[in-house]
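Participant: Before I ask anything, let me first share the structure, which is written out below as structure tokens.
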Amino acid sequence: MRVLIALLAGSLFGMGLTVSGMTDTAKVQGWLDIFGAWDPTLAFVLGGAILPMLAAWAFANRRATALLGTPIPAPSEPVIDRRLVIGSALFGTGWALAGLCPGPAMAVLGHGGWPALAFFGAMVAGMIAQPHIPIRVPANAA
């Protein structure tokens, strides 16, 4: 049952990304180009995603277990440290350059051709390599 629900949720997410234009790299890069040919249409996608999540979080906060019976973990304390800031900057830079992030990269695999496959392969290689890369951030770095 879990696999079926995961398949349905992933398919719905992928279809939503495709319909909303989040898999169109030119549209995403246009959204990020605030000093050039800015395309504000993805603001509606991002804003529209917040509303159902507010309802889902409110629903989840009243429960101890998920609908399939697994425990819902307590939220972690938000920690903004150097690793988070550096990782966020790297993620944003990659998103701006490629016009894709992990979710849309998976959704575009079915119709993006070799460029999508190359991006996805590089993304997976980076995810596999990351735990093995020592990260040393000086104490005075932002």
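The chains in the structure tokens are called A, B, ... from first to last as shown; in each chain the residues are counted from 1, and the ligands are counted from 1 in the order shown.
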Distance table requested - segment 26-93 of chain A against segment 5-18 of chain A, cut-off 12 Å, only C-alpha atoms: one row per qualifying residue with the closest atom pair and its distance in Å to one decimal, ordered by chain and rising residue number, as JSON lines.

Facilitator:
{"residue": "A:Lys27", "atom": "CA", "partner": "A:Thr18", "partner_atom": "CA", "distance": 11.5}
{"residue": "A:Val28", "atom": "CA", "partner": "A:Leu17", "partner_atom": "CA", "distance": 11.3}
{"residue": "A:Leu42", "atom": "CA", "partner": "A:Leu17", "partner_atom": "CA", "distance": 10.7}
{"residue": "A:Val45", "atom": "CA", "partner": "A:Leu17", "partner_atom": "CA", "distance": 9.1}
{"residue": "A:Leu46", "atom": "CA", "partner": "A:Leu17", "partner_atom": "CA", "distance": 10.8}
{"residue": "A:Gly48", "atom": "CA", "partner": "A:Gly16", "partner_atom": "CA", "distance": 11.4}
{"residue": "A:Ala49", "atom": "CA", "partner": "A:Gly16", "partner_atom": "CA", "distance": 10.2}
{"residue": "A:Leu67", "atom": "CA", "partner": "A:Ile5", "partner_atom": "CA", "distance": 10.7}
{"residue": "A:Leu68", "atom": "CA", "partner": "A:Ile5", "partner_atom": "CA", "distance": 9.6}

Participant: With C-alpha atoms retained, export the selected residues as an mmCIF file, in the first residue's frame.

Facilitator:
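Dumped everything to result.cif:
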data_model
loop_
_atom_site.group_PDB
_atom_site.id
_atom_site.type_symbol
_atom_site.label_atom_id
_atom_site.label_comp_id
_atom_site.auth_asym_id
_atom_site.auth_seq_id
_atom_site.Cartn_x
_atom_site.Cartn_y
_atom_site.Cartn_z
ATOM 1 C CA LYS A 27 10.518 29.805 -17.484
ATOM 2 C CA VAL A 28 12.391 29.019 -14.274
ATOM 3 C CA LEU A 42 5.969 31.049 -11.211
ATOM 4 C CA VAL A 45 2.883 28.391 -8.515
ATOM 5 C CA LEU A 46 5.037 28.985 -5.448
ATOM 6 C CA GLY A 48 -0.318 28.332 -4.601
ATOM 7 C CA ALA A 49 1.823 25.574 -3.100
ATOM 8 C CA LEU A 67 -2.411 7.919 7.748
ATOM 9 C CA LEU A 68 -0.498 4.661 7.168
#

Participant: Tell me which of A:Gly69, A:Gly87, A:Pro75, A:Gly103 sits closest to Thr23 of chain A, counting only C-alpha atoms.

Facilitator: A:Gly103

Participant: Excluding same-chain residues fewer than 4 positions from segment 108-123 of chain A, what lies within 12 Å of it counting only C-alpha atoms, as a PDB file with N, CA and C atoms, in the first residue's frame?

Facilitator:
ATOM      1  N   PHE A  13       2.789  14.871  -8.150  1.00  0.00           N
ATOM      2  CA  PHE A  13       3.774  15.933  -8.017  1.00  0.00           C
ATOM      3  C   PHE A  13       4.435  16.221  -9.364  1.00  0.00           C
ATOM      4  N   GLY A  14       4.844  15.172 -10.073  1.00  0.00           N
ATOM      5  CA  GLY A  14       5.470  15.341 -11.384  1.00  0.00           C
ATOM      6  C   GLY A  14       4.539  15.997 -12.387  1.00  0.00           C
ATOM      7  N   MET A  15       3.271  15.587 -12.392  1.00  0.00           N
ATOM      8  CA  MET A  15       2.304  16.220 -13.296  1.00  0.00           C
ATOM      9  C   MET A  15       2.103  17.687 -12.941  1.00  0.00           C
ATOM     10  N   GLY A  16       2.041  17.981 -11.643  1.00  0.00           N
ATOM     11  CA  GLY A  16       1.893  19.367 -11.215  1.00  0.00           C
ATOM     12  C   GLY A  16       3.072  20.226 -11.630  1.00  0.00           C
ATOM     13  N   LEU A  17       4.275  19.685 -11.501  1.00  0.00           N
ATOM     14  CA  LEU A  17       5.470  20.415 -11.930  1.00  0.00           C
ATOM     15  C   LEU A  17       5.440  20.691 -13.428  1.00  0.00           C
ATOM     16  N   THR A  18       5.015  19.700 -14.201  1.00  0.00           N
ATOM     17  CA  THR A  18       4.969  19.857 -15.650  1.00  0.00           C
ATOM     18  C   THR A  18       3.896  20.851 -16.065  1.00  0.00           C
ATOM     19  N   VAL A  19       2.687  20.712 -15.520  1.00  0.00           N
ATOM     20  CA  VAL A  19       1.581  21.605 -15.875  1.00  0.00           C
ATOM     21  C   VAL A  19       1.881  23.046 -15.477  1.00  0.00           C
ATOM     22  N   GLY A  21       4.745  24.509 -15.338  1.00  0.00           N
ATOM     23  CA  GLY A  21       5.881  25.090 -16.042  1.00  0.00           C
ATOM     24  C   GLY A  21       7.190  24.997 -15.282  1.00  0.00           C
ATOM     25  N   MET A  22       7.205  24.317 -14.147  1.00  0.00           N
ATOM     26  CA  MET A  22       8.437  24.212 -13.360  1.00  0.00           C
ATOM     27  C   MET A  22       9.482  23.328 -14.035  1.00  0.00           C
ATOM     28  N   THR A  23       9.110  22.581 -15.067  1.00  0.00           N
ATOM     29  CA  THR A  23      10.081  21.772 -15.806  1.00  0.00           C
ATOM     30  C   THR A  23      10.591  22.497 -17.045  1.00  0.00           C
ATOM     31  N   ASP A  24      10.083  23.688 -17.299  1.00  0.00           N
ATOM     32  CA  ASP A  24      10.545  24.508 -18.422  1.00  0.00           C
ATOM     33  C   ASP A  24      11.693  25.372 -17.917  1.00  0.00           C
ATOM     34  N   THR A  25      12.916  25.005 -18.289  1.00  0.00           N
ATOM     35  CA  THR A  25      14.088  25.692 -17.744  1.00  0.00           C
ATOM     36  C   THR A  25      14.099  27.178 -18.086  1.00  0.00           C
ATOM     37  N   PHE A  91      22.817  25.541  -3.940  1.00  0.00           N
ATOM     38  CA  PHE A  91      21.573  25.050  -4.544  1.00  0.00           C
ATOM     39  C   PHE A  91      20.962  26.118  -5.438  1.00  0.00           C
ATOM     40  N   GLY A  94      22.972  26.590  -8.667  1.00  0.00           N
ATOM     41  CA  GLY A  94      22.714  25.498  -9.600  1.00  0.00           C
ATOM     42  C   GLY A  94      21.337  25.596 -10.224  1.00  0.00           C
ATOM     43  N   TRP A  95      20.335  25.961  -9.422  1.00  0.00           N
ATOM     44  CA  TRP A  95      18.968  26.118  -9.920  1.00  0.00           C
ATOM     45  C   TRP A  95      18.923  27.229 -10.963  1.00  0.00           C
ATOM     46  N   LEU A  97      21.446  28.417 -12.827  1.00  0.00           N
ATOM     47  CA  LEU A  97      22.221  28.082 -14.024  1.00  0.00           C
ATOM     48  C   LEU A  97      21.529  27.038 -14.886  1.00  0.00           C
ATOM     49  N   ALA A  98      20.984  25.996 -14.253  1.00  0.00           N
ATOM     50  CA  ALA A  98      20.384  24.895 -15.013  1.00  0.00           C
ATOM     51  C   ALA A  98      18.887  25.070 -15.231  1.00  0.00           C
ATOM     52  N   GLY A  99      18.226  25.812 -14.351  1.00  0.00           N
ATOM     53  CA  GLY A  99      16.776  25.954 -14.453  1.00  0.00           C
ATOM     54  C   GLY A  99      16.031  24.749 -13.927  1.00  0.00           C
ATOM     55  N   LEU A 100      16.728  23.856 -13.228  1.00  0.00           N
ATOM     56  CA  LEU A 100      16.113  22.656 -12.661  1.00  0.00           C
ATOM     57  C   LEU A 100      16.610  22.444 -11.240  1.00  0.00           C
ATOM     58  N   CYS A 101      15.761  21.847 -10.419  1.00  0.00           N
ATOM     59  CA  CYS A 101      16.165  21.352  -9.118  1.00  0.00           C
ATOM     60  C   CYS A 101      15.728  19.888  -9.054  1.00  0.00           C
ATOM     61  N   PRO A 102      15.964  19.149  -7.987  1.00  0.00           N
ATOM     62  CA  PRO A 102      15.748  17.698  -8.018  1.00  0.00           C
ATOM     63  C   PRO A 102      14.360  17.229  -8.448  1.00  0.00           C
ATOM     64  N   GLY A 103      13.287  17.820  -7.944  1.00  0.00           N
ATOM     65  CA  GLY A 103      11.950  17.369  -8.333  1.00  0.00           C
ATOM     66  C   GLY A 103      11.689  17.531  -9.821  1.00  0.00           C
ATOM     67  N   PRO A 104      11.809  18.743 -10.346  1.00  0.00           N
ATOM     68  CA  PRO A 104      11.622  18.919 -11.783  1.00  0.00           C
ATOM     69  C   PRO A 104      12.612  18.133 -12.630  1.00  0.00           C
ATOM     70  N   MET A 127      25.088  14.049  -5.343  1.00  0.00           N
ATOM     71  CA  MET A 127      24.450  13.576  -4.112  1.00  0.00           C
ATOM     72  C   MET A 127      25.220  12.409  -3.494  1.00  0.00           C
ATOM     73  N   ILE A 128      25.758  11.535  -4.363  1.00  0.00           N
ATOM     74  CA  ILE A 128      26.540  10.403  -3.871  1.00  0.00           C
ATOM     75  C   ILE A 128      27.886  10.872  -3.334  1.00  0.00           C
ATOM     76  N   ALA A 129      28.495  11.835  -3.999  1.00  0.00           N
ATOM     77  CA  ALA A 129      29.822  12.305  -3.608  1.00  0.00           C
ATOM     78  C   ALA A 129      29.792  13.193  -2.366  1.00  0.00           C
ATOM     79  N   GLN A 130      28.727  13.927  -2.149  1.00  0.00           N
ATOM     80  CA  GLN A 130      28.678  14.936  -1.092  1.00  0.00           C
ATOM     81  C   GLN A 130      29.076  14.416   0.292  1.00  0.00           C
TER      82      GLN A 130
END

Participant: Kindly indicate which residue among A:Gly126, A:Phe59, A:Ala26, A:Leu51 lies nearest to Asp39 of chain A, using only C-alpha atoms for the distances.

Facilitator: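 The shortest atom-to-atom distance to Asp39 of chain A comes from A:Ala26.
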
Participant: Considering only C-alpha atoms, can you say which of A:Thr41, A:Pro78, A:Val124, A:Leu84 comes closest to Met106 of chain A?

Facilitator: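 Among the listed residues, A:Val124 lies closest to Met106 of chain A.
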
Participant: Write out as a PDB file with N, CA and C atoms, in the first residue's frame all residues of segment 33-79 of chain A that backbone DSSP assigns to alpha helix (DSSP H).

Facilitator:
ATOM      1  N   THR A  41       5.268  34.561 -13.503  1.00  0.00           N
ATOM      2  CA  THR A  41       4.201  33.561 -13.441  1.00  0.00           C
ATOM      3  C   THR A  41       4.457  32.458 -12.420  1.00  0.00           C
ATOM      4  N   LEU A  42       5.705  32.103 -12.181  1.00  0.00           N
ATOM      5  CA  LEU A  42       5.969  31.049 -11.211  1.00  0.00           C
ATOM      6  C   LEU A  42       5.716  31.498  -9.771  1.00  0.00           C
ATOM      7  N   ALA A  43       5.575  32.795  -9.541  1.00  0.00           N
ATOM      8  CA  ALA A  43       5.201  33.271  -8.202  1.00  0.00           C
ATOM      9  C   ALA A  43       3.839  32.706  -7.805  1.00  0.00           C
ATOM     10  N   PHE A  44       2.955  32.554  -8.782  1.00  0.00           N
ATOM     11  CA  PHE A  44       1.640  31.990  -8.510  1.00  0.00           C
ATOM     12  C   PHE A  44       1.745  30.504  -8.179  1.00  0.00           C
ATOM     13  N   VAL A  45       2.659  29.808  -8.820  1.00  0.00           N
ATOM     14  CA  VAL A  45       2.883  28.391  -8.515  1.00  0.00           C
ATOM     15  C   VAL A  45       3.424  28.263  -7.094  1.00  0.00           C
ATOM     16  N   LEU A  46       4.437  29.046  -6.780  1.00  0.00           N
ATOM     17  CA  LEU A  46       5.037  28.985  -5.448  1.00  0.00           C
ATOM     18  C   LEU A  46       4.037  29.404  -4.374  1.00  0.00           C
ATOM     19  N   GLY A  47       3.302  30.470  -4.643  1.00  0.00           N
ATOM     20  CA  GLY A  47       2.284  30.927  -3.693  1.00  0.00           C
ATOM     21  C   GLY A  47       1.164  29.917  -3.536  1.00  0.00           C
ATOM     22  N   GLY A  48       0.746  29.326  -4.647  1.00  0.00           N
ATOM     23  CA  GLY A  48      -0.318  28.332  -4.601  1.00  0.00           C
ATOM     24  C   GLY A  48       0.079  27.059  -3.874  1.00  0.00           C
ATOM     25  N   ALA A  49       1.362  26.765  -3.813  1.00  0.00           N
ATOM     26  CA  ALA A  49       1.823  25.574  -3.100  1.00  0.00           C
ATOM     27  C   ALA A  49       1.752  25.771  -1.594  1.00  0.00           C
ATOM     28  N   ILE A  50       1.804  27.003  -1.153  1.00  0.00           N
ATOM     29  CA  ILE A  50       1.794  27.273   0.283  1.00  0.00           C
ATOM     30  C   ILE A  50       0.434  26.952   0.900  1.00  0.00           C
ATOM     31  N   LEU A  51      -0.647  27.266   0.213  1.00  0.00           N
ATOM     32  CA  LEU A  51      -1.985  27.073   0.782  1.00  0.00           C
ATOM     33  C   LEU A  51      -2.294  25.622   1.149  1.00  0.00           C
ATOM     34  N   PRO A  52      -2.110  24.656   0.238  1.00  0.00           N
ATOM     35  CA  PRO A  52      -2.380  23.279   0.661  1.00  0.00           C
ATOM     36  C   PRO A  52      -1.411  22.778   1.730  1.00  0.00           C
ATOM     37  N   MET A  53      -0.181  23.291   1.722  1.00  0.00           N
ATOM     38  CA  MET A  53       0.772  22.864   2.754  1.00  0.00           C
ATOM     39  C   MET A  53       0.375  23.382   4.134  1.00  0.00           C
ATOM     40  N   LEU A  54      -0.175  24.590   4.207  1.00  0.00           N
ATOM     41  CA  LEU A  54      -0.657  25.097   5.497  1.00  0.00           C
ATOM     42  C   LEU A  54      -1.734  24.178   6.057  1.00  0.00           C
ATOM     43  N   ALA A  55      -2.653  23.734   5.192  1.00  0.00           N
ATOM     44  CA  ALA A  55      -3.711  22.817   5.629  1.00  0.00           C
ATOM     45  C   ALA A  55      -3.110  21.464   6.034  1.00  0.00           C
ATOM     46  N   ALA A  56      -2.142  20.965   5.264  1.00  0.00           N
ATOM     47  CA  ALA A  56      -1.525  19.672   5.587  1.00  0.00           C
ATOM     48  C   ALA A  56      -0.772  19.744   6.915  1.00  0.00           C
ATOM     49  N   TRP A  57      -0.042  20.837   7.149  1.00  0.00           N
ATOM     50  CA  TRP A  57       0.677  20.971   8.419  1.00  0.00           C
ATOM     51  C   TRP A  57      -0.299  21.070   9.596  1.00  0.00           C
ATOM     52  N   ALA A  58      -1.388  21.813   9.425  1.00  0.00           N
ATOM     53  CA  ALA A  58      -2.379  21.925  10.495  1.00  0.00           C
ATOM     54  C   ALA A  58      -2.971  20.546  10.802  1.00  0.00           C
ATOM     55  N   PHE A  59      -3.270  19.776   9.767  1.00  0.00           N
ATOM     56  CA  PHE A  59      -3.812  18.427   9.938  1.00  0.00           C
ATOM     57  C   PHE A  59      -2.792  17.529  10.626  1.00  0.00           C
ATOM     58  N   ALA A  60      -1.542  17.569  10.183  1.00  0.00           N
ATOM     59  CA  ALA A  60      -0.498  16.706  10.740  1.00  0.00           C
ATOM     60  C   ALA A  60      -0.182  17.063  12.193  1.00  0.00           C
ATOM     61  N   ASN A  61      -0.273  18.332  12.535  1.00  0.00           N
ATOM     62  CA  ASN A  61       0.040  18.752  13.909  1.00  0.00           C
ATOM     63  C   ASN A  61      -0.955  18.210  14.924  1.00  0.00           C
TER      64      ASN A  61
END
